[in-house]
Structure formats: C-alpha cells, structure tokens
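Peer 1: Just run-v7.csv, nothing more (CSV, C-alpha atoms):
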chain,number,residue,atom,x,y,z
E,1,MET,CA,155.5,200.3,90.0
E,2,THR,CA,152.7,201.1,87.5
E,3,ASN,CA,151.7,198.7,84.7
E,4,ARG,CA,153.2,201.2,82.2
E,5,GLU,CA,156.5,201.1,84.0
E,6,SER,CA,156.5,197.3,84.3
E,7,LEU,CA,156.1,197.2,80.4
E,8,GLY,CA,159.2,199.4,80.1
E,9,LEU,CA,157.1,202.3,78.7
E,10,SER,CA,157.4,205.9,79.6
E,11,SER,CA,155.0,208.6,78.6
E,12,SER,CA,157.4,209.4,75.7
E,13,SER,CA,157.6,205.8,74.5
E,14,MET,CA,156.1,205.2,71.1
E,15,ILE,CA,154.6,202.2,69.4
E,16,GLU,CA,155.9,202.1,65.8
E,17,VAL,CA,154.1,200.3,63.0
E,18,VAL,CA,156.4,199.1,60.2
E,19,PRO,CA,156.2,196.6,57.4
E,20,PHE,CA,157.3,193.1,58.3
E,21,SER,CA,160.9,192.0,57.6
E,22,ALA,CA,162.7,188.8,58.3
E,23,GLN,CA,164.2,190.1,61.6
E,24,HIS,CA,160.6,190.3,63.0
E,25,HIS,CA,159.7,186.6,62.3
E,26,ALA,CA,160.3,185.2,65.8
E,27,GLY,CA,158.5,188.1,67.4
E,28,VAL,CA,155.5,187.6,65.2
E,29,ILE,CA,155.3,183.9,66.2
E,30,ASP,CA,155.7,184.9,69.9
E,31,VAL,CA,152.7,187.2,69.6
E,32,ILE,CA,150.3,185.1,67.6
E,33,LEU,CA,150.7,181.6,68.9
E,34,PRO,CA,150.2,182.3,72.6
E,35,VAL,CA,147.0,184.3,71.8
E,36,GLN,CA,145.6,181.5,69.7
E,37,GLN,CA,146.7,178.6,71.9
E,38,SER,CA,146.9,179.8,75.5
E,39,GLU,CA,144.4,182.7,75.7
E,40,PHE,CA,141.7,181.2,73.6
E,41,GLY,CA,142.4,177.5,73.6
E,42,ILE,CA,142.3,177.2,69.8
E,43,PRO,CA,144.0,173.9,68.8
E,44,ILE,CA,146.1,175.4,66.0
E,45,THR,CA,149.9,175.1,65.6
E,46,LEU,CA,152.5,176.9,63.5
E,47,GLU,CA,152.4,173.9,61.1
E,48,ASP,CA,148.7,174.6,60.6
E,49,GLN,CA,149.5,178.1,59.4
E,50,PRO,CA,151.9,177.9,56.4
E,51,ASP,CA,151.4,181.7,55.9
E,52,LEU,CA,153.4,182.2,59.1
E,53,ARG,CA,156.4,180.2,57.8
E,54,ASP,CA,156.6,182.4,54.7
E,55,ILE,CA,155.1,185.8,55.6
E,56,SER,CA,156.8,187.8,52.8
E,57,GLY,CA,155.8,185.2,50.2
E,58,PHE,CA,152.2,184.9,51.4
E,59,TYR,CA,151.4,188.5,52.2
E,60,GLN,CA,153.9,190.9,50.7
E,61,ARG,CA,152.9,190.5,47.1
E,62,GLY,CA,150.5,192.4,44.8
E,63,ALA,CA,148.6,194.9,47.0
E,64,GLY,CA,149.1,192.9,50.1
E,65,ASN,CA,151.4,193.5,53.1
E,66,PHE,CA,152.1,192.5,56.7
E,67,TRP,CA,152.9,195.0,59.5
E,68,VAL,CA,154.2,194.7,63.0
E,69,ALA,CA,153.7,197.0,65.9
E,70,LEU,CA,157.0,197.5,67.8
E,71,SER,CA,157.8,198.7,71.3
E,72,GLY,CA,161.5,199.3,70.8
E,73,ALA,CA,162.6,196.2,69.0
E,74,ARG,CA,159.9,194.0,70.5
E,75,VAL,CA,157.0,192.9,68.3
E,76,VAL,CA,153.8,193.6,70.3
E,77,GLY,CA,151.2,193.4,67.5
E,78,THR,CA,150.6,192.2,63.9
E,79,ILE,CA,148.1,192.8,61.1
E,80,SER,CA,148.2,191.7,57.5
E,81,LEU,CA,146.4,192.2,54.2
E,82,ARG,CA,146.3,189.4,51.6
E,83,ASP,CA,145.6,190.7,48.1
E,84,ILE,CA,142.8,188.4,46.8
E,85,GLY,CA,142.2,190.3,43.5
E,86,ASN,CA,139.3,192.3,42.2
E,87,ALA,CA,140.3,195.3,44.4
E,88,GLN,CA,139.6,193.1,47.5
E,89,GLY,CA,141.8,192.1,50.4
E,90,ALA,CA,141.7,189.7,53.3
E,91,LEU,CA,142.5,191.2,56.7
E,92,ARG,CA,144.4,188.5,58.6
E,93,LYS,CA,146.6,187.9,61.6
E,94,MET,CA,145.5,190.9,63.7
E,95,PHE,CA,146.9,190.2,67.1
E,96,VAL,CA,148.1,192.4,70.0
E,97,HIS,CA,150.0,191.1,72.9
E,98,ALA,CA,147.8,191.1,76.0
E,99,GLU,CA,150.0,193.7,77.8
E,100,PHE,CA,149.6,196.2,75.0
E,101,ARG,CA,145.9,196.0,74.4
E,102,GLY,CA,143.3,198.7,75.0
E,103,PRO,CA,142.9,202.4,74.1
E,104,ARG,CA,145.6,203.6,76.4
E,105,LEU,CA,148.3,202.6,73.9
E,106,GLY,CA,146.1,202.3,70.8
E,107,VAL,CA,148.1,199.5,69.2
E,108,ALA,CA,145.2,197.8,67.5
E,109,ARG,CA,143.9,201.1,66.2
E,110,ARG,CA,147.3,202.1,64.9
E,111,LEU,CA,147.6,198.7,63.1
E,112,LEU,CA,144.2,199.0,61.6
E,113,ASP,CA,144.7,202.6,60.5
E,114,THR,CA,148.0,201.6,58.8
E,115,LEU,CA,146.1,198.8,56.9
E,116,LEU,CA,143.3,201.1,55.9
E,117,GLY,CA,145.7,203.8,54.7
E,118,TRP,CA,147.5,201.2,52.7
E,119,CYS,CA,144.2,200.0,51.2
E,120,GLU,CA,143.4,203.5,50.1
E,121,ARG,CA,146.7,204.0,48.4
E,122,GLU,CA,146.6,200.6,46.7
E,123,GLN,CA,142.9,201.1,45.6
E,124,ILE,CA,141.5,198.1,47.6
E,125,ARG,CA,137.7,198.7,47.9
E,126,GLU,CA,136.7,195.9,50.2
E,127,ILE,CA,138.4,194.2,53.1
E,128,PHE,CA,137.1,190.9,54.4
E,129,SER,CA,138.0,189.2,57.6
E,130,GLY,CA,137.3,185.9,59.3
E,131,THR,CA,137.6,185.2,63.0
E,132,THR,CA,136.4,182.7,65.6
E,133,ALA,CA,133.4,183.0,67.9
E,134,ARG,CA,135.8,183.1,70.8
E,135,PHE,CA,137.5,186.4,69.8
E,136,VAL,CA,134.6,188.5,71.2
E,137,ALA,CA,136.8,191.6,71.7
E,138,ALA,CA,137.8,191.3,68.0
E,139,HIS,CA,134.2,191.3,67.0
E,140,ARG,CA,133.5,194.5,69.0
E,141,PHE,CA,136.7,196.1,67.6
E,142,TYR,CA,135.7,195.3,64.0
E,143,GLU,CA,132.1,196.5,64.5
E,144,LYS,CA,133.3,199.7,66.2
E,145,ASN,CA,135.6,200.4,63.3
E,146,GLY,CA,133.1,200.1,60.5
E,147,PHE,CA,133.1,196.4,59.7
E,148,CYS,CA,129.7,194.7,59.1
E,149,GLU,CA,129.1,191.0,59.9
E,150,ILE,CA,128.3,189.0,56.8
E,151,ALA,CA,127.4,185.4,56.1
E,152,LYS,CA,130.1,183.0,54.9
E,153,SER,CA,128.2,182.8,51.6
E,154,GLU,CA,128.8,186.5,51.0
E,155,LEU,CA,132.6,186.1,51.0
E,156,PRO,CA,134.4,186.3,47.6
E,157,PRO,CA,135.6,182.9,46.3
E,158,ALA,CA,139.2,184.0,46.7
E,159,PHE,CA,138.9,184.7,50.4
E,160,PRO,CA,141.2,182.3,52.3
E,161,VAL,CA,138.8,180.8,55.0
E,162,MET,CA,140.7,179.1,57.9
E,163,SER,CA,139.2,176.1,59.5
E,164,VAL,CA,138.7,178.0,62.8
E,165,ASP,CA,136.8,180.9,61.2
E,166,THR,CA,133.1,181.1,62.1
E,167,LYS,CA,132.4,184.8,61.9
E,168,PHE,CA,133.0,187.0,58.9
E,169,TYR,CA,133.2,190.7,58.3
E,170,VAL,CA,133.5,193.2,55.5
E,171,CYS,CA,134.7,196.8,55.5
E,172,ILE,CA,134.0,198.8,52.3
E,173,ILE,CA,136.6,201.5,52.0
E,174,GLY,CA,134.9,204.9,52.0
E,175,ARG,CA,131.6,203.4,53.3
E,176,ARG,CA,132.6,201.5,56.4
E,177,ASP,CA,128.9,200.7,57.3
E,178,ALA,CA,127.9,199.3,53.9
E,179,ARG,CA,127.4,195.7,52.6
E,180,PRO,CA,129.7,194.3,49.8
E,181,THR,CA,129.5,195.8,46.4
E,182,ASP,CA,128.7,193.9,43.3
E,183,ALA,CA,130.8,194.1,40.1
E,184,SER,CA,128.6,196.8,38.6
E,185,GLU,CA,129.3,199.4,41.3
E,186,GLN,CA,132.1,201.9,40.8
E,187,PRO,CA,135.2,201.5,43.0
E,188,LEU,CA,134.9,203.5,46.3
E,189,ARG,CA,137.7,205.5,47.8
E,190,ALA,CA,138.4,205.8,51.5
E,191,ALA,CA,138.5,209.0,53.4
E,192,PRO,CA,141.9,209.4,55.1
E,193,SER,CA,142.0,207.3,58.2
E,194,PRO,CA,142.2,209.1,61.5
E,195,GLY,CA,145.4,209.0,63.6
E,196,GLY,CA,146.0,206.3,66.1
E,197,SER,CA,144.4,206.6,69.5
Before we go any further, please render this structure as structure tokens.

Peer 2:
Amino acid sequence: MTNRESLGLSSSSMIEVVPFSAQHHAGVIDVILPVQQSEFGIPITLEDQPDLRDISGFYQRGAGNFWVALSGARVVGTISLRDIGNAQGALRKMFVHAEFRGPRLGVARRLLDTLLGWCEREQIREIFSGTTARFVAAHRFYEKNGFCEIAKSELPPAFPVMSVDTKFYVCIIGRRDARPTDASEQPLRAAPSPGGS
C-alpha cells in the first residue's frame, strides 16, 4: 500500500480550503496542538492560546479570517489572518498535519494562496508573521513565498507577538520581496496569486 493509499487519498481526491466554521473546531485543535507540543516540543497548551477557544471572535472580524484545509471532512491544515488595522494583517496558525505536508499535495501552498487572495480582495497591504526558531521548514516556506525576515522592532505595534515567537517576517502584497512600507507610501495591490501546487 502506498502512502497516498494509507491516507485514504486517490489521485482524484482533492484538498478543499474553506473558511472556518464551528464544526471544524475539534479538527483545528487536533492539527495544531500535536505539531506544537509533540513534533516541536513547544511547552504551549490550549489554555495558552485563547484565540483557539474563540476562533470566529478572534479572527473572523474586520478583514480577518481563518481557513481550514479539508481532506473529506478531516481538517488537515489551518491558516489565519488577524486584521491589525492600517491595511495590515497578522498571519497566524499556519499548520499542516505531517501526513499532508510537501509539494505532492500542496496543502500549505493552497492555504497561503487562499490567504493572499483574500488580502488582495480586502486591500491588506502587508502581512506580518511570527514563528519560533524551531519551525525551520516554516522559515524556508515563508522565504520561498516572498516573505522577508525582519527584526521584532520592525513589527507594527498592533502585531500580536506570542511568547514563543523569535523570528518575524513580512510580505508586502504586490512586492513580496520588499521591506515594510511607511505611512507615506501608497497602498500596494497584489498580483493574482498562482494556483495551488
């Protein structure tokens, strides 16, 4: 049996990315906590993450949103955008279940493309992200997809820094290799994001 068959995937199976709804809550927790705790040994609990107890209230307001990647009814990935004002957003909670990672299924890419397309429609100019030094694959993914590493001091004041965050990134919509803008620059528009890989 191939790995694809053991996951219950056929060549015609599709990963669907949809906005979060209450029916996805347990699946979101089942993806995020094991990655944080078991894979990377980060001492963080559900209680340390109040945003996960009220996903709709925390993320799905203003220009923010939270998406899940589904394989059938199973949540296999997550990504969110928190609206932090000033045409800026915080990319948070990007996690993909270990069995669904990599370019073969393109789950991470599809999640990011969904978020970038949303940002374009909602006129978000800059996306900031924080992560830990342990998430090396995340660093490579961000950098490959146009995010630039920045110092913590370059974050906007409204960015929600988590205690475990030690590396920070920015993506300027329309100029994915540029540094943050200042208030005097005109808003930038993104080119349409490419399809999932």

Peer 1: Write out as a list in words the residues lying within 8 Å of Phe40 in chain E, counting all atoms listed in the file and excluding same-chain residues fewer than 5 positions away.

Peer 2: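 The residues satisfying every condition are Val35, Arg134 and Phe135 of chain E.
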
Peer 1: Considering only C-alpha atoms, state which residue in the set E:Gly174, E:Gly64, E:Pro50, E:Gly41 is at the smallest distance from Ile79 in chain E.

Peer 2: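 Answer, going by the shortest atom-to-atom distance: E:Gly64.
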
Peer 1: CA of Ala73 in chain E to CA of Ala98 in chain E: how many Å, to one decimal?

Peer 2: 17.1 Å

Peer 1: Suppose you want the space between CA of Ser80 in chain E and CA of Glu47 in chain E; what is it in Å?

Peer 2: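 Those two atoms sit 18.6 Å apart.
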
Peer 1: Neighbours of Val31 in chain E within 12 Å (all atoms listed in the file; same-chain residues fewer than 5 positions away dropped), as a compact mmCIF listing (two decimals) with C-alpha atoms, keeping the file's coordinate frame?

Peer 2:
# COMPACT_ATOMS: atom_id res chain seq x y z
CA HIS E 24 160.60 190.30 63.00
CA HIS E 25 159.70 186.60 62.30
CA ALA E 26 160.30 185.20 65.80
CA GLN E 36 145.60 181.50 69.70
CA GLN E 37 146.70 178.60 71.90
CA SER E 38 146.90 179.80 75.50
CA GLU E 39 144.40 182.70 75.70
CA LEU E 46 152.50 176.90 63.50
CA LEU E 52 153.40 182.20 59.10
CA VAL E 68 154.20 194.70 63.00
CA ALA E 69 153.70 197.00 65.90
CA LEU E 70 157.00 197.50 67.80
CA ARG E 74 159.90 194.00 70.50
CA VAL E 75 157.00 192.90 68.30
CA VAL E 76 153.80 193.60 70.30
CA GLY E 77 151.20 193.40 67.50
CA THR E 78 150.60 192.20 63.90
CA ILE E 79 148.10 192.80 61.10
CA LYS E 93 146.60 187.90 61.60
CA MET E 94 145.50 190.90 63.70
CA PHE E 95 146.90 190.20 67.10
CA VAL E 96 148.10 192.40 70.00
CA HIS E 97 150.00 191.10 72.90
CA ALA E 98 147.80 191.10 76.00
CA GLU E 99 150.00 193.70 77.80
CA PHE E 100 149.60 196.20 75.00

Peer 1: Considering all atoms listed in the file, state which residue in the set E:Asn145, E:Ser163, E:Thr114, E:Gln88 is at the smallest distance from Ile127 in chain E.

Peer 2: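 Counting all atoms listed in the file, the residue closest to Ile127 in chain E is E:Gln88.
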
Peer 1: E:Gly89, E:Gly57, E:Ala108, E:Leu81: which is nearest Glu16 in chain E, counting only C-alpha atoms?

Peer 2: E:Ala108

Peer 1: When you draw a straight line from CA of Ala137 in chain E to CA of Gln23 in chain E, how long is it in Å?

Peer 2: 29.2 Å

Peer 1: Given the point (147.8, 203.1, 44.7) in the file's coordinates, find the residues that have an atom at most 12 Å from it, counting all atoms listed in the file, and give them as a list in words.

Peer 2: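 Output: Gly62, Ala63, Gly64, Ala87, Gly117, Trp118, Cys119, Glu120, Arg121, Glu122, Gln123, Ile124, Arg125, Arg189 and Ala190 of chain E.
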
Peer 1: Could you save the residues just selected, with C-alpha atoms, as a CSV table (one decimal), in the coordinates of the input?

Peer 2:
chain,number,residue,atom,x,y,z
E,62,GLY,CA,150.5,192.4,44.8
E,63,ALA,CA,148.6,194.9,47.0
E,64,GLY,CA,149.1,192.9,50.1
E,87,ALA,CA,140.3,195.3,44.4
E,117,GLY,CA,145.7,203.8,54.7
E,118,TRP,CA,147.5,201.2,52.7
E,119,CYS,CA,144.2,200.0,51.2
E,120,GLU,CA,143.4,203.5,50.1
E,121,ARG,CA,146.7,204.0,48.4
E,122,GLU,CA,146.6,200.6,46.7
E,123,GLN,CA,142.9,201.1,45.6
E,124,ILE,CA,141.5,198.1,47.6
E,125,ARG,CA,137.7,198.7,47.9
E,189,ARG,CA,137.7,205.5,47.8
E,190,ALA,CA,138.4,205.8,51.5
